[in-house]
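**Q** I'm passing along protein27.tsv; it holds TSV, C-alpha atoms and all ligand atoms.
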chain	number	residue	atom	x	y	z
A	1	MET	CA	0.00	0.00	0.00
A	2	SER	CA	1.29	3.44	-0.84
A	3	ASP	CA	2.05	5.81	2.00
A	4	THR	CA	0.80	8.76	-0.05
A	5	THR	CA	-1.32	10.74	2.38
A	6	GLY	CA	-2.67	14.22	2.92
A	7	PRO	CA	-2.24	16.71	5.74
A	8	GLU	CA	-1.52	15.89	9.39
A	9	THR	CA	-4.41	14.50	11.39
A	10	THR	CA	-6.12	14.93	14.75
A	11	ASP	CA	-7.75	12.35	17.01
A	12	ASN	CA	-11.11	12.97	15.36
A	13	THR	CA	-9.76	12.59	11.85
A	14	LEU	CA	-11.68	10.33	9.51
A	15	ASN	CA	-9.29	7.93	7.84
A	16	LEU	CA	-10.37	7.20	4.29
A	17	VAL	CA	-8.62	4.89	1.85
A	18	ALA	CA	-8.81	5.23	-1.92
A	19	PHE	CA	-7.83	3.29	-5.01
A	20	ALA	CA	-7.71	4.11	-8.70
A	21	GLY	CA	-9.13	1.55	-11.12
A	22	SER	CA	-6.40	2.20	-13.67
A	23	PHE	CA	-2.88	0.82	-13.79
A	24	ARG	CA	-1.39	3.22	-16.30
A	25	GLU	CA	1.20	5.74	-15.20
A	26	GLY	CA	-0.62	8.71	-16.71
A	27	SER	CA	-4.02	7.77	-15.32
A	28	PHE	CA	-6.44	10.67	-15.01
A	29	ASN	CA	-8.26	8.77	-12.29
A	30	ARG	CA	-5.10	8.49	-10.21
A	31	ALA	CA	-4.54	12.21	-10.83
A	32	ALA	CA	-8.00	12.85	-9.39
A	33	LEU	CA	-7.25	10.56	-6.43
A	34	ARG	CA	-4.00	12.42	-5.71
A	35	ALA	CA	-5.88	15.73	-5.92
A	36	ALA	CA	-8.34	14.35	-3.37
A	37	ILE	CA	-5.43	13.55	-1.04
A	38	ASP	CA	-3.94	17.02	-1.48
A	39	ASN	CA	-7.27	18.83	-1.13
A	40	ALA	CA	-8.95	16.72	1.54
A	41	PRO	CA	-11.34	18.77	3.66
A	42	THR	CA	-10.80	19.48	7.35
A	43	GLY	CA	-10.95	16.33	9.45
A	44	VAL	CA	-10.24	13.94	6.59
A	45	LYS	CA	-7.07	12.01	5.81
A	46	ILE	CA	-6.93	9.98	2.60
A	47	THR	CA	-4.44	7.17	2.00
A	48	GLU	CA	-3.92	5.63	-1.43
A	49	ILE	CA	-4.08	1.87	-1.84
A	50	ASP	CA	-2.12	0.55	-4.81
A	51	ILE	CA	-4.08	-2.33	-6.35
A	52	ARG	CA	-1.69	-3.04	-9.22
A	53	ASP	CA	-0.42	-6.21	-7.56
A	54	VAL	CA	-3.89	-7.64	-6.87
A	55	PRO	CA	-4.35	-10.72	-9.09
A	56	PHE	CA	-7.50	-11.65	-10.95
A	57	TYR	CA	-10.01	-13.19	-8.59
A	58	ASP	CA	-9.65	-16.97	-8.63
A	59	GLY	CA	-11.50	-19.19	-6.19
A	60	ASP	CA	-8.64	-21.71	-6.17
A	61	VAL	CA	-6.15	-19.01	-5.19
A	62	GLU	CA	-8.57	-17.82	-2.50
A	63	ASN	CA	-8.99	-21.36	-1.17
A	64	ALA	CA	-5.22	-21.62	-0.84
A	65	GLY	CA	-5.25	-18.39	1.21
A	66	ASP	CA	-5.58	-14.74	0.19
A	67	PRO	CA	-2.39	-13.48	-1.52
A	68	SER	CA	-0.52	-10.84	0.49
A	69	SER	CA	-1.69	-8.07	-1.87
A	70	VAL	CA	-5.31	-9.05	-1.23
A	71	LYS	CA	-4.72	-9.23	2.54
A	72	ARG	CA	-3.23	-5.72	2.45
A	73	LEU	CA	-6.21	-4.41	0.47
A	74	LYS	CA	-8.75	-6.04	2.75
A	75	ASN	CA	-6.98	-4.94	5.94
A	76	ALA	CA	-6.69	-1.35	4.73
A	77	VAL	CA	-10.38	-1.15	3.86
A	78	ARG	CA	-11.43	-2.91	7.05
A	79	ALA	CA	-9.40	-0.49	9.20
A	80	SER	CA	-10.67	2.61	7.38
A	81	ASP	CA	-13.65	4.83	8.05
A	82	GLY	CA	-14.57	4.80	4.38
A	83	LEU	CA	-13.47	3.91	0.85
A	84	LEU	CA	-13.17	6.13	-2.22
A	85	ILE	CA	-13.00	4.51	-5.66
A	86	PHE	CA	-11.85	6.44	-8.72
A	87	THR	CA	-12.75	4.38	-11.78
A	88	PRO	CA	-12.33	4.84	-15.50
A	89	GLU	CA	-15.32	4.15	-17.72
A	90	TYR	CA	-14.71	1.35	-20.20
A	91	ASN	CA	-17.49	0.57	-22.64
A	92	GLY	CA	-20.25	1.74	-20.37
A	93	GLY	CA	-19.01	0.14	-17.16
A	94	SER	CA	-16.23	0.40	-14.61
A	95	SER	CA	-12.73	-0.86	-15.39
A	96	ALA	CA	-12.12	-4.56	-14.89
A	97	VAL	CA	-9.41	-3.93	-12.32
A	98	ALA	CA	-11.72	-1.83	-10.16
A	99	LYS	CA	-14.40	-4.52	-10.35
A	100	ASN	CA	-11.78	-7.18	-9.59
A	101	ALA	CA	-10.67	-5.38	-6.42
A	102	ILE	CA	-14.31	-5.08	-5.38
A	103	ASP	CA	-14.85	-8.80	-6.02
A	104	TRP	CA	-11.98	-9.67	-3.66
A	105	LEU	CA	-13.29	-7.18	-1.10
A	106	SER	CA	-16.75	-8.70	-1.25
A	107	ARG	CA	-15.46	-12.05	0.03
A	108	ASP	CA	-15.69	-13.24	3.62
A	109	VAL	CA	-13.10	-15.99	3.88
A	110	ASP	CA	-12.32	-15.98	7.58
A	111	GLY	CA	-15.75	-15.42	9.11
A	112	THR	CA	-15.09	-11.79	9.98
A	113	GLY	CA	-17.33	-10.53	7.17
A	114	SER	CA	-16.62	-8.76	3.90
A	115	PRO	CA	-14.54	-5.62	4.42
A	116	LEU	CA	-17.23	-3.78	2.45
A	117	SER	CA	-20.07	-4.86	4.71
A	118	GLY	CA	-21.41	-1.72	6.39
A	119	LYS	CA	-18.55	0.35	4.93
A	120	ALA	CA	-19.10	3.91	3.71
A	121	VAL	CA	-18.12	3.96	0.02
A	122	ALA	CA	-18.04	6.77	-2.55
A	123	ILE	CA	-17.52	6.54	-6.30
A	124	ALA	CA	-15.83	9.01	-8.64
A	125	ALA	CA	-14.88	8.75	-12.30
A	126	ALA	CA	-12.65	10.91	-14.49
A	127	THR	CA	-12.85	10.72	-18.27
A	128	PRO	CA	-11.64	12.61	-21.33
A	129	GLY	CA	-15.22	12.24	-22.56
A	130	GLY	CA	-17.84	14.92	-22.24
A	131	ARG	CA	-20.36	13.13	-20.02
A	132	GLY	CA	-18.40	12.40	-16.83
A	133	ALA	CA	-18.59	8.62	-17.09
A	134	PRO	CA	-22.11	8.23	-15.67
A	135	GLU	CA	-22.34	4.56	-16.68
A	136	ALA	CA	-19.16	3.61	-14.79
A	137	ARG	CA	-20.47	5.37	-11.70
A	138	ALA	CA	-23.91	3.77	-12.01
A	139	HIS	CA	-22.27	0.38	-12.54
A	140	LEU	CA	-20.36	0.55	-9.25
A	141	ILE	CA	-23.35	1.99	-7.40
A	142	HIS	CA	-25.28	-1.08	-8.59
A	143	VAL	CA	-22.53	-3.55	-7.66
A	144	ILE	CA	-21.58	-2.08	-4.27
A	145	GLY	CA	-25.20	-1.47	-3.35
A	146	PHE	CA	-25.44	-5.20	-2.74
A	147	MET	CA	-22.58	-5.09	-0.24
A	148	THR	CA	-23.14	-2.15	2.10
A	149	ASP	CA	-25.98	-0.03	3.41
A	150	ARG	CA	-23.64	2.97	3.67
A	151	LEU	CA	-23.02	3.67	-0.01
A	152	PHE	CA	-22.81	7.42	-0.73
A	153	MET	CA	-25.29	7.87	-3.57
A	154	GLU	CA	-23.85	11.20	-4.75
A	155	THR	CA	-21.16	10.22	-7.23
A	156	LEU	CA	-18.59	12.60	-8.74
A	157	GLY	CA	-17.97	12.74	-12.49
A	158	ILE	CA	-15.03	14.69	-13.93
A	159	LYS	CA	-15.54	15.24	-17.66
A	160	SER	CA	-13.07	16.54	-20.27
A	161	VAL	CA	-10.40	15.79	-17.69
A	162	TYR	CA	-7.50	16.40	-20.13
A	163	GLU	CA	-8.43	20.12	-19.95
A	164	LYS	CA	-8.13	20.07	-16.16
A	165	VAL	CA	-4.63	18.70	-15.58
A	166	ASP	CA	-1.24	20.36	-15.99
A	167	GLU	CA	1.85	19.06	-17.81
A	168	GLN	CA	2.69	16.84	-14.81
A	169	ASN	CA	-0.80	15.32	-14.90
A	170	ARG	CA	-1.85	17.08	-11.71
A	171	LEU	CA	-5.51	18.01	-11.47
A	172	THR	CA	-5.15	21.76	-11.12
A	173	ASP	CA	-8.35	23.24	-12.57
A	174	GLU	CA	-9.66	25.37	-9.70
A	175	ALA	CA	-13.37	24.78	-10.25
A	176	THR	CA	-12.84	21.01	-10.54
A	177	VAL	CA	-10.74	20.92	-7.37
A	178	ALA	CA	-13.43	22.94	-5.55
A	179	ASP	CA	-16.07	20.46	-6.75
A	180	LEU	CA	-13.89	17.57	-5.56
A	181	THR	CA	-13.37	19.08	-2.11
A	182	GLY	CA	-17.08	19.92	-1.76
A	183	TRP	CA	-17.99	16.34	-2.66
A	184	LEU	CA	-15.46	15.03	-0.10
A	185	GLU	CA	-16.98	17.31	2.55
A	186	ARG	CA	-20.41	15.83	1.89
A	187	PHE	CA	-18.95	12.31	1.98
A	188	ARG	CA	-17.25	13.19	5.28
A	189	ASP	CA	-20.64	14.21	6.67
A	190	HIS	CA	-22.15	10.99	5.33
A	191	VAL	CA	-19.40	8.94	7.01
A	192	SER	CA	-19.80	10.80	10.31
A	193	GLY	CA	-23.58	10.85	10.28
A	194	PRO	CA	-26.21	8.27	11.14
A	195	HIS	CA	-26.75	5.31	8.87
A	196	GLU	CA	-29.40	6.42	6.39
A	197	ASP	CA	-30.12	6.37	2.67
A	198	HIS	CA	-29.08	9.33	0.55
A	199	GLU	CA	-30.78	10.52	-2.61
A	200	ALA	CA	-28.93	9.96	-5.86
A	201	ALA	CA	-27.34	13.10	-7.32
B	1	LIG	C1	-11.47	-0.14	-23.89
B	1	LIG	C2	-11.83	1.29	-23.59
B	1	LIG	C3	-13.15	1.64	-23.51
B	1	LIG	C4	-13.51	2.97	-23.19
B	1	LIG	N1	-14.84	3.29	-23.03
B	1	LIG	C5	-15.16	4.53	-22.57
B	1	LIG	C6	-16.52	4.84	-22.24
B	1	LIG	O1	-17.43	4.02	-22.34
B	1	LIG	N2	-16.78	6.08	-21.74
B	1	LIG	C7	-15.79	7.01	-21.57
B	1	LIG	O2	-16.09	8.13	-21.11
B	1	LIG	N3	-14.49	6.75	-21.88
B	1	LIG	C8	-14.16	5.53	-22.36
B	1	LIG	N4	-12.85	5.23	-22.64
B	1	LIG	C9	-11.81	6.26	-22.48
B	1	LIG	C10	-11.29	6.28	-21.05
B	1	LIG	O3	-12.17	7.07	-20.27
B	1	LIG	C11	-9.88	6.88	-21.03
B	1	LIG	O4	-8.99	5.97	-21.66
B	1	LIG	C12	-9.42	7.23	-19.64
B	1	LIG	O5	-8.27	8.04	-19.75
B	1	LIG	C13	-9.11	5.98	-18.79
B	1	LIG	O6	-8.89	6.34	-17.46
B	1	LIG	P1	-7.41	6.63	-16.86
B	1	LIG	O7	-6.94	7.91	-17.50
B	1	LIG	O8	-7.60	6.76	-15.40
B	1	LIG	O9	-6.51	5.47	-17.24
B	1	LIG	C14	-12.49	3.93	-22.99
B	1	LIG	C15	-11.13	3.54	-23.11
B	1	LIG	C16	-10.81	2.25	-23.39
B	1	LIG	C17	-9.34	1.84	-23.45
How does this structure look as structure tokens?
**A**
Amino acid sequence: MSDTTGPETTDNTLNLVAFAGSFREGSFNRAALRAAIDNAPTGVKITEIDIRDVPFYDGDVENAGDPSSVKRLKNAVRASDGLLIFTPEYNGGSSAVAKNAIDWLSRDVDGTGSPLSGKAVAIAAATPGGRGAPEARAHLIHVIGFMTDRLFMETLGIKSVYEKVDEQNRLTDEATVADLTGWLERFRDHVSGPHEDHEAA
């Protein structure tokens, strides 16, 4: 797991973990994740989980014991106050690697429950396209809705993302960063608040 984190924390800090559903170096979704870390609202610390070493789900591998990369992923999510997923949209759905990580996380192999059970989860998607990847977001809302009653129904779409990053692939567009921080503030309130359903955005 990466030790990329945001500002210093206090005792009341909410510890969120986040992964990007893209392996490529120049991923816009990882750029958005890193911007979330750097622009986390007051009281929130975000830690990136690197899922690039998580293998394809295989029941035989699972039966032999979760690989160390899967254990790390599950332990990080289990220990967190909430999970952020930044997924690309591929052909009207999430990326396969994001779905694969979720499939591992859905599994209860040691009787302690799925790490996603009862977990607060929020979904974002960045795309060069002009629609903000609504199908990828809806896909993961559908999938994760089966696993937790604390899914944050307000998703965040970042469209035309190539216009919003600098030469180092940092998400620097001020309005987009403000939208990201505002969304994280509302997720923070969702995480801190009572368990209840939220209206879809
Ligand atoms: C196989 C494939 C299918 C794609 N399908 C979509 C799509 O349905 N909607 C969309 O907005 N972008 C689509 N794209 C473009 C991706 O959004 C774009 O490659 C994006 O940069 C991937 O995310 P990343 O930058 O985090 O790697 C597709 C790209 C690939 C390679």
**Q** List as a PyMOL selection string: which residues have an atom within 9 Å of (-23.7, 6.1, 7.8), counting all atoms listed in the file?
**A** chain A and resi 118-120+149-152+189-197
**Q** Any idea what the distance is between CA of Ser69 (chain A) and atom N2 of ligand LIG 1 (chain B)?
**A** 28.7 Å
**Q** Show me which residues line ligand LIG 1 (chain B), defined as having an atom within 9 Å of a ligand atom where only C-alpha atoms and all ligand atoms count, and present them as a ChimeraX atom specification.
**A** /A:20-32,86-95,125-136,159-162
**Q** Go through A:His142, A:Arg78, A:Arg137, A:Arg170 and flag the residue nearest Thr155 (chain A), using only C-alpha atoms for the distances.
**A**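 For Thr155 (chain A), the nearest of the candidates is A:Arg137.
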**Q** Between CA of Asn100 (chain A) and CA of Ile46 (chain A), measure the distance and give it in Å to one decimal.
**A**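 A separation of 21.6 Å between them.
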**Q** Go through A:Val70, A:Ala122, A:Ala98, A:Asp11 and flag the residue nearest Asp58 (chain A), using all atoms listed in the file for the distances.
**A**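 Comparing A:Val70, A:Ala122, A:Ala98, A:Asp11 against Asp58 (chain A), the winner is A:Val70.
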**Q** Report as a PyMOL selection string all protein, DNA and RNA residues lying within 7 Å of Ser80 (chain A), evaluated on only C-alpha atoms, omitting residues in the same chain fewer than 4 positions from it.
**A** chain A and resi 15-17+76
**Q** Please indicate the distance in Å from CA of Ser68 (chain A) to CA of Ile51 (chain A), rounded to one decimal place.
**A** 11.5 Å
**Q** Smallest atom-to-atom distance to Ile158 (chain A): which of A:Lys71, A:Asp103, A:Asp179, A:Asp38, using all atoms listed in the file?
**A**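 Comparing A:Lys71, A:Asp103, A:Asp179, A:Asp38 against Ile158 (chain A), the winner is A:Asp179.
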